[in-house]
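Below: one structure, written as structure tokens.
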Amino acid sequence: MFPKGTKRKFSDSGEEPVSSGDQGPAASSAVARTLSSSYSLQRQSLLDMSLIKLQLCHMLVEPNLCRSVLIANTVRQIQEEMTQDGTWQIMTQALAAAQCPADRLVATEVLCRQTDAAAQAGQSPKPFSVVGLEEGYHAEEVVMEGDVETEVTMSTLSPVSPQLSSASYLAGPFGMGPCWEEEEEDVECEEDEEEDSEECVSEGEEGDRDHLSADSRTGEQVFGTFEIKHPAPPPDPALEELFSDVDPSYYDLDTVLTGMQSAPKMGPYDLLESLSSHGPTTLSSSSSCRSDLNELDHIMEIIVGS
Amino acid sequence: MGEDAESPKINHTFLRDYVTEADVISTVEFNQTGDLLATGDKGGRVVIFQRETESKGESEEVGETGDSGEYNVYSTFQSHEPDFDYLKSLEIEEKINKIRWLPQQNAAHFLLSTNDKTIKLWKVSERDKRPEGYNLKDEEGRLKDISTITSLQVPVLKPTDLMVEVRPRRVFSNGHTYHVNSISVNSDGETYLSADDLRINMWHLGITDRSFNIVDIKPANMEDLTEVITAAEFHPHHCHLFVYSSSKGTLRLCDMRASALCDKHTKLFEEPEDPGSRSFFSEIISSVSDVKFSHSGRYLLTRDYLTAKVWDLNMDKGPVETYQVHEYLRSKLCSLYENDCIFDKFECVWNSSDSVIMTGAYNSFFRMFDRETGRGVTLEAWRESSKPRAVLRTRRVYTGGKRRRGDVGVDSLDFTKKILHMAWHPSENIIAIAATNNLYIFQDRVNPETQGQ
């Protein structure tokens with residue numbers, strides 16, 4: 001049975017965008033406003049849920065393409081509607097205006113990476129595509145060849161694109177990482193636990209959704225902020241011991257960050273294609289940046305102590 | 001053990017039957033005569049059941065088939081093993097997605113089984129005799145001392161215990177980048193198609209190192225991907241026609257005589273959307289999970305999340321019949337989206353005369369619809385409530401009005417008990433229902449033989 005009593009806020013009674021046309025004239029405008037705000041709340045929840053679904057997938061097996069496409073289309077639909085409402089613009093402006101602390105920008109990064117990639121041309125919100133997100137877990141898996149345990153841990157904790165995985169760790173102490181972990185373990189848990197994690201995630205995303213952005217300029221700002229806030233970590237004997245058998249070139253954060261910025265051009269399906277077509281050049285250039293990012297994740301994990 | 005359906009509020013999770021994931025049945029298929037029934041599971045195994053025939057001594061009266069209708073295990077074999085794609089660092093599941101039997105041409109039986117990536121052709125043959133009386137070898141197979149041989153004898157075939165041998169005859173690999181969801185044997189008996197999320201290939205049964213790509217809907221830029229192929233099937237009589245369904249609820253009939261690459265459909269079947277019932281979930285619930293030609297070849301049966309639809313090949317404007325499978329779930333779409341149930345892929349089947357259609361639902365329920373009357377019935381595949389040879393009683397989901405005893409409330413439905421896979425005997429009223437790791441075989445007691453087609 002699916003847990004009862006957990007998601008009542010957007011269950012049966014009108015999670016569908018029913019117009020309030022059937023309300024008589026007696027219904028005050030306040031009611032109409034309430035209806036519409038509850039609708040937009042529900043819509044927002046649906047958007048958040050969809051984005052989480054796209055990011056949280058089974059790591060070891062190739063994700064179900066049909067499911068991903070359907071969820072991506074749903075997100076696109078919501079995005080289009082929000083654009084028409086003007087809500088999308090508001091969020092974009094809010095993000096651009098607020099020079100936020102790293103957690104919010106980073107958290108935004110988590111959610112808007114995919115649209116950022118699509119909007120390189122600098123247009124206003126491009127239709128959402130599942131580009132950045134799927135790329136993430138494919139990338140993670142390509143890199144993790146040797147250490148199976150690390151692989152499992154890593155994929156569980158950072159189920160997002162390479163650009164975002166470090167971001168997710170940064171967000172960790174600010175409340176998002178642990179919630180995602182709970183979400184992952186959530187499969188058979190009790191109702192309460194699920195409710196907690198769900199709330200946790202919604203809270204974490206409270207700030208995020210206000211800053212959903214498709215603005216490429218903002219994306220670069222985010223990247224810039226990221227660089228400044230997190231300079232190369234000082235050499236740590238524990239780290240070095242951990243990575244003693246790893247190619248030391250991966251330690252170079254600059255290389256990694258450069259790799260991050262160049263990676264977004266490839267979509268997740270492109271990745272599949274390039275791998276399947278056995279293109280050596282494509283493979284080597286992206287695999288090195290992916291393995292760099294994998295190591296970065298691990299470094300970040302240790303730094304933030306998660 | 002087992003959940004107590006009467007008291008859903010008690011958390012019985014820890015008492016639930018421990019079901020090995022590998023035992024979950026993932027496909028069910030009768031062969032063309034109905035004597036054999038094959039099931040595939042998540043562990044990559046195929047189990048073939050054979051229908052028991054009554055002893056030859058009993059006289060057959062007019063109207064009786066002489067078959068008891070019971071199916072017993074005939075053979076079990078491991079079809080696919082878990083694999084690993086080293087290039088992508090991803091596991092390839094060994095779960096059998098589909099099994100299709102080939103028309104029988106000699107004493108042996110052939111079937112195709114597929115997982116996400118590889119299709120295999122298996123030969124199932126019986127051996128019930130063995131030669132005895134070799135000249136050079138003794139009974140144990142040791143070479144005889146030649147000096148002891150004084151005369152020649154002709155080896156004789158002696159009957160032995162029945163042995164069923166299953167051997168892989170062909171392996172069709174490296175044909176698909178994405179996950180194979182359908183295979184369909186052509187009526188020409190020589191070719192078959194395999195469909196994944198974005199492409200459909202046509203193979204010759206005898207050639208494994210190449211296939212023809214007949215449909216390719218992969219966009220040049222993967223960011224533009226909005227639609228995938230969900231199912232495909234060859235026409236039962238016309239070897240040049242096939243149909244495929246999409247995640248947007250469309251059906252495309254393609255004629256291979258038109259061009260080598262059938263990206264342009266011959267006919268597009270789509271139901272216009274009802275603007276009044278539009279929601280964010282409209283597209284998801286319109287995604288077709290299964291498509292089946294009728295035995296006559298005149299109609300198509302499709303299943304989307306809430307309905308089953310019958311389409312006339314001659315009319316592409318919309319379905320000719322629509323059956324509500326579980327309309328009471330329409331108000332629960334958000335919850336079902338959240339727990340991923342909205343992505344469940346239910347199969348649908350025709351009966352032998354194309355007069356009844358059947359599909360699965362939740363809570364171990366499955367539904368049958370009589371096309372002539374339009375009425376539907378709900379049945380349950382759950383061992384707690386049915387003993388062998390007992391008559392199935394119809395079930396009902398309570399959605400308002402007078403509540404009858406035995407009605408199940410919508411909130412009490414068990415969404416983990418889904419009936420996704422099923423098969424209908426090609427000529428009789430015998431159905432096979434897969435419920436997680438259990439296989440149920442039901443027979444029409446009143447009318448064991450249906451009116452033949």
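Each chain in the structure tokens gets a letter, A, B, ..., in the order shown, and its residues are numbered from 1; ligands are numbered from 1 in order too.
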
* Output as a PyMOL selection string the set of chain B residues within 7 Å of chain A, with distances taken over only C-alpha atoms. => chain B and resi 87-92+222-223+226-228+279-280+284+331-332+334-335+339+343+413-416

* Where does DSSP see helix (DSSP H, G or I) in segment 224-403 of chain B, if you list the residues as a list of chain:residue names? ->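 The helix (DSSP H, G or I) residues within segment 224-403 of chain B come out as B:Asp224, B:Pro275, B:Gly276, B:Ser277, B:Ser282, B:Glu283, B:Ile284, B:Ile285, B:Ser286, B:Glu327, B:Tyr328, B:Leu329, B:Arg330, B:Ser331, B:Lys332, B:Leu333, B:Cys334, B:Ser335, B:Leu336, B:Tyr337, B:Glu338, B:Cys341, B:Ile342, B:Phe343, B:Arg383, B:Glu384, B:Ser385.
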
* Asked: Please, what distance in Å, to one decimal, runs between atom CA of Asn213 of chain B and atom CA of Asn201 of chain B?
  ->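 Spanning atom CA of Asn213 of chain B to atom CA of Asn201 of chain B is a straight-line distance of 4.3 Å.
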
* To do: Tell me which protein, DNA and RNA residues are within 6 Å of segment 33-35 of chain B, counting only C-alpha atoms, leaving out same-chain ones fewer than 2 positions away, and put them as a list in words.
  => Phe30, Asn31, Gln50, Arg51, His425 and Pro426 of chain B

Residues just named, written with all heavy atoms as an mmCIF file, in the first residue's frame:
data_model
loop_
_atom_site.group_PDB
_atom_site.id
_atom_site.type_symbol
_atom_site.label_atom_id
_atom_site.label_comp_id
_atom_site.auth_asym_id
_atom_site.auth_seq_id
_atom_site.Cartn_x
_atom_site.Cartn_y
_atom_site.Cartn_z
ATOM 1 N N PHE B 30 1.127 -17.987 -24.168
ATOM 2 C CA PHE B 30 0.737 -19.295 -24.683
ATOM 3 C C PHE B 30 1.370 -19.485 -26.057
ATOM 4 O O PHE B 30 1.587 -18.513 -26.794
ATOM 5 C CB PHE B 30 -0.788 -19.375 -24.857
ATOM 6 C CG PHE B 30 -1.541 -19.653 -23.587
ATOM 7 C CD1 PHE B 30 -2.186 -18.625 -22.913
ATOM 8 C CD2 PHE B 30 -1.642 -20.940 -23.075
ATOM 9 C CE1 PHE B 30 -2.894 -18.867 -21.747
ATOM 10 C CE2 PHE B 30 -2.354 -21.198 -21.918
ATOM 11 C CZ PHE B 30 -2.983 -20.155 -21.243
ATOM 12 N N ASN B 31 1.574 -20.744 -26.454
ATOM 13 C CA ASN B 31 2.014 -20.959 -27.837
ATOM 14 C C ASN B 31 0.775 -21.010 -28.731
ATOM 15 O O ASN B 31 -0.354 -20.836 -28.277
ATOM 16 C CB ASN B 31 2.887 -22.206 -27.962
ATOM 17 C CG ASN B 31 2.090 -23.497 -27.858
ATOM 18 O OD1 ASN B 31 1.000 -23.509 -27.290
ATOM 19 N ND2 ASN B 31 2.627 -24.577 -28.403
ATOM 20 N N GLN B 50 3.154 -27.434 -19.590
ATOM 21 C CA GLN B 50 2.480 -28.162 -20.654
ATOM 22 C C GLN B 50 1.122 -28.615 -20.162
ATOM 23 O O GLN B 50 0.963 -29.037 -19.008
ATOM 24 C CB GLN B 50 3.300 -29.380 -21.075
ATOM 25 C CG GLN B 50 2.729 -30.085 -22.304
ATOM 26 C CD GLN B 50 3.505 -31.349 -22.630
ATOM 27 O OE1 GLN B 50 3.828 -32.126 -21.745
ATOM 28 N NE2 GLN B 50 3.804 -31.538 -23.901
ATOM 29 N N ARG B 51 0.179 -28.566 -21.052
ATOM 30 C CA ARG B 51 -1.156 -28.970 -20.669
ATOM 31 C C ARG B 51 -1.231 -30.469 -20.600
ATOM 32 O O ARG B 51 -0.772 -31.170 -21.501
ATOM 33 C CB ARG B 51 -2.147 -28.463 -21.713
ATOM 34 C CG ARG B 51 -3.566 -28.598 -21.246
ATOM 35 C CD ARG B 51 -4.471 -27.915 -22.196
ATOM 36 N NE ARG B 51 -5.823 -27.889 -21.666
ATOM 37 C CZ ARG B 51 -6.865 -27.454 -22.346
ATOM 38 N NH1 ARG B 51 -6.673 -27.010 -23.577
ATOM 39 N NH2 ARG B 51 -8.052 -27.458 -21.821
ATOM 40 N N HIS B 425 -5.576 -18.178 -23.705
ATOM 41 C CA HIS B 425 -5.405 -19.333 -24.585
ATOM 42 C C HIS B 425 -5.907 -18.977 -25.993
ATOM 43 O O HIS B 425 -6.940 -18.335 -26.134
ATOM 44 C CB HIS B 425 -6.204 -20.501 -24.003
ATOM 45 C CG HIS B 425 -5.932 -21.824 -24.640
ATOM 46 N ND1 HIS B 425 -6.418 -22.160 -25.894
ATOM 47 C CD2 HIS B 425 -5.229 -22.899 -24.209
ATOM 48 C CE1 HIS B 425 -6.029 -23.382 -26.187
ATOM 49 N NE2 HIS B 425 -5.317 -23.858 -25.188
ATOM 50 N N PRO B 426 -5.199 -19.410 -27.031
ATOM 51 C CA PRO B 426 -5.566 -19.009 -28.384
ATOM 52 C C PRO B 426 -6.918 -19.522 -28.864
ATOM 53 O O PRO B 426 -7.515 -18.933 -29.761
ATOM 54 C CB PRO B 426 -4.442 -19.591 -29.249
ATOM 55 C CG PRO B 426 -3.832 -20.658 -28.417
ATOM 56 C CD PRO B 426 -3.968 -20.229 -27.009
#

* **Non-local contacts of segment 100-112 of chain B (9 Å; only C-alpha atoms; under 3 positions in same chain excluded) as a PyMOL selection string** => chain B and resi 29-33+38+119-126+183-185+187+189

Kindly export the residues of the current selection with all heavy atoms, as a short mmCIF file (atom, residue, chain, number, x, y, z; two decimals), in the first residue's frame.
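Wrote selection.cif, looks like this:
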data_model
loop_
_atom_site.label_atom_id
_atom_site.label_comp_id
_atom_site.auth_asym_id
_atom_site.auth_seq_id
_atom_site.Cartn_x
_atom_site.Cartn_y
_atom_site.Cartn_z
N GLU B 29 3.10 -16.22 -21.85
CA GLU B 29 2.68 -16.36 -23.25
C GLU B 29 2.32 -17.81 -23.57
O GLU B 29 3.09 -18.73 -23.31
CB GLU B 29 3.82 -15.88 -24.18
CG GLU B 29 3.49 -15.89 -25.64
CD GLU B 29 2.67 -14.70 -26.10
OE1 GLU B 29 2.24 -13.92 -25.24
OE2 GLU B 29 2.46 -14.56 -27.32
N PHE B 30 1.13 -17.99 -24.17
CA PHE B 30 0.74 -19.30 -24.68
C PHE B 30 1.37 -19.48 -26.06
O PHE B 30 1.59 -18.51 -26.79
CB PHE B 30 -0.79 -19.38 -24.86
CG PHE B 30 -1.54 -19.65 -23.59
CD1 PHE B 30 -2.19 -18.62 -22.91
CD2 PHE B 30 -1.64 -20.94 -23.08
CE1 PHE B 30 -2.89 -18.87 -21.75
CE2 PHE B 30 -2.35 -21.20 -21.92
CZ PHE B 30 -2.98 -20.15 -21.24
N ASN B 31 1.57 -20.74 -26.45
CA ASN B 31 2.01 -20.96 -27.84
C ASN B 31 0.78 -21.01 -28.73
O ASN B 31 -0.35 -20.84 -28.28
CB ASN B 31 2.89 -22.21 -27.96
CG ASN B 31 2.09 -23.50 -27.86
OD1 ASN B 31 1.00 -23.51 -27.29
ND2 ASN B 31 2.63 -24.58 -28.40
N GLN B 32 0.96 -21.27 -30.01
CA GLN B 32 -0.15 -21.12 -30.95
C GLN B 32 -1.25 -22.15 -30.74
O GLN B 32 -2.38 -21.94 -31.14
CB GLN B 32 0.35 -21.23 -32.40
CG GLN B 32 0.84 -19.91 -32.97
CD GLN B 32 2.21 -19.56 -32.46
OE1 GLN B 32 2.86 -20.37 -31.79
NE2 GLN B 32 2.70 -18.37 -32.78
N THR B 33 -0.91 -23.30 -30.17
CA THR B 33 -1.94 -24.30 -29.93
C THR B 33 -2.49 -24.21 -28.52
O THR B 33 -3.56 -24.74 -28.23
CB THR B 33 -1.39 -25.73 -30.12
OG1 THR B 33 -0.31 -25.91 -29.18
CG2 THR B 33 -0.88 -25.93 -31.53
N ALA B 38 4.50 -20.40 -21.51
CA ALA B 38 5.83 -20.02 -21.05
C ALA B 38 5.75 -18.79 -20.16
O ALA B 38 4.98 -17.87 -20.43
CB ALA B 38 6.74 -19.72 -22.25
N ILE B 119 18.14 -10.68 -27.66
CA ILE B 119 17.04 -11.60 -27.94
C ILE B 119 17.64 -12.97 -28.24
O ILE B 119 18.67 -13.07 -28.92
CB ILE B 119 16.23 -11.12 -29.17
CG1 ILE B 119 15.75 -9.69 -28.94
CG2 ILE B 119 15.05 -12.03 -29.43
CD1 ILE B 119 16.12 -8.72 -30.03
N LYS B 120 17.02 -14.00 -27.72
CA LYS B 120 17.54 -15.35 -27.96
C LYS B 120 16.45 -16.25 -28.50
O LYS B 120 15.29 -16.18 -28.08
CB LYS B 120 18.07 -15.94 -26.65
CG LYS B 120 19.29 -15.22 -26.10
CD LYS B 120 19.88 -15.96 -24.91
CE LYS B 120 21.04 -15.18 -24.31
NZ LYS B 120 21.62 -15.84 -23.15
N LEU B 121 16.86 -17.11 -29.40
CA LEU B 121 15.94 -18.12 -29.95
C LEU B 121 16.28 -19.45 -29.31
O LEU B 121 17.42 -19.90 -29.37
CB LEU B 121 16.10 -18.21 -31.47
CG LEU B 121 15.26 -19.28 -32.17
CD1 LEU B 121 13.80 -18.92 -32.10
CD2 LEU B 121 15.70 -19.44 -33.62
N TRP B 122 15.29 -20.07 -28.68
CA TRP B 122 15.49 -21.33 -27.98
C TRP B 122 14.73 -22.45 -28.66
O TRP B 122 13.59 -22.28 -29.11
CB TRP B 122 14.99 -21.22 -26.53
CG TRP B 122 15.78 -20.26 -25.71
CD1 TRP B 122 15.54 -18.93 -25.57
CD2 TRP B 122 16.95 -20.55 -24.94
NE1 TRP B 122 16.48 -18.37 -24.75
CE2 TRP B 122 17.36 -19.34 -24.35
CE3 TRP B 122 17.68 -21.71 -24.69
CZ2 TRP B 122 18.48 -19.25 -23.52
CZ3 TRP B 122 18.79 -21.63 -23.85
CH2 TRP B 122 19.18 -20.41 -23.28
N LYS B 123 15.38 -23.60 -28.72
CA LYS B 123 14.73 -24.79 -29.28
C LYS B 123 14.40 -25.72 -28.13
O LYS B 123 15.27 -26.09 -27.34
CB LYS B 123 15.68 -25.48 -30.26
CG LYS B 123 15.11 -26.76 -30.84
CD LYS B 123 16.08 -27.38 -31.83
CE LYS B 123 15.51 -28.69 -32.37
NZ LYS B 123 16.44 -29.33 -33.30
N VAL B 124 13.14 -26.08 -28.05
CA VAL B 124 12.68 -26.98 -26.99
C VAL B 124 12.28 -28.29 -27.64
O VAL B 124 11.36 -28.35 -28.44
CB VAL B 124 11.44 -26.38 -26.26
CG1 VAL B 124 11.03 -27.26 -25.11
CG2 VAL B 124 11.73 -24.96 -25.80
N SER B 125 13.02 -29.35 -27.33
CA SER B 125 12.72 -30.62 -27.98
C SER B 125 12.67 -31.74 -26.94
O SER B 125 13.26 -31.65 -25.87
CB SER B 125 13.77 -30.93 -29.05
OG SER B 125 15.06 -30.75 -28.53
N GLU B 126 11.97 -32.77 -27.31
CA GLU B 126 11.81 -33.91 -26.41
C GLU B 126 12.70 -35.05 -26.87
O GLU B 126 12.93 -35.25 -28.05
CB GLU B 126 10.37 -34.40 -26.42
CG GLU B 126 9.40 -33.47 -25.76
CD GLU B 126 8.00 -34.03 -25.73
OE1 GLU B 126 7.82 -35.18 -26.19
OE2 GLU B 126 7.10 -33.34 -25.26
N ILE B 183 8.81 -7.75 -28.67
CA ILE B 183 9.23 -8.54 -29.82
C ILE B 183 7.95 -9.09 -30.45
O ILE B 183 6.95 -9.34 -29.75
CB ILE B 183 10.19 -9.70 -29.47
CG1 ILE B 183 9.68 -10.50 -28.27
CG2 ILE B 183 11.59 -9.19 -29.22
CD1 ILE B 183 10.54 -11.72 -27.96
N SER B 184 7.98 -9.29 -31.75
CA SER B 184 6.78 -9.78 -32.42
C SER B 184 7.19 -10.60 -33.63
O SER B 184 7.96 -10.12 -34.48
CB SER B 184 5.89 -8.59 -32.84
OG SER B 184 4.78 -9.04 -33.55
N VAL B 185 6.68 -11.82 -33.71
CA VAL B 185 7.02 -12.70 -34.81
C VAL B 185 6.12 -12.38 -36.00
O VAL B 185 4.91 -12.22 -35.85
CB VAL B 185 6.85 -14.18 -34.40
CG1 VAL B 185 7.28 -15.09 -35.54
CG2 VAL B 185 7.67 -14.47 -33.16
N SER B 187 4.09 -12.85 -39.59
CA SER B 187 3.27 -13.95 -40.11
C SER B 187 3.99 -14.69 -41.23
O SER B 187 3.56 -15.77 -41.63
CB SER B 187 1.93 -13.41 -40.62
OG SER B 187 2.15 -12.33 -41.50
N GLY B 189 6.74 -16.01 -40.88
CA GLY B 189 7.45 -17.11 -40.26
C GLY B 189 8.96 -17.02 -40.37
O GLY B 189 9.67 -17.93 -39.94
#

* Please measure the separation of atom CA of Glu81 of chain B and atom CA of Glu94 of chain B, giving the value in Å to one decimal. =>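 Value for the atom CA of Glu81 of chain B-atom CA of Glu94 of chain B distance: 5.2 Å.
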
* Asked: At what distance in Å, to one decimal, does atom CA of Thr27 of chain B lie from atom CA of Ile200 of chain B?
  ->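 Straight-line distance from atom CA of Ile200 of chain B to atom CA of Thr27 of chain B works out to 20.0 Å.
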
* Name all residues at most 8 Å from Phe172 of chain B (count only C-alpha atoms; drop same-chain ones fewer than 2 positions away) and give them as a PyMOL selection string. => chain B and resi 118-120+170+174-175+208-209
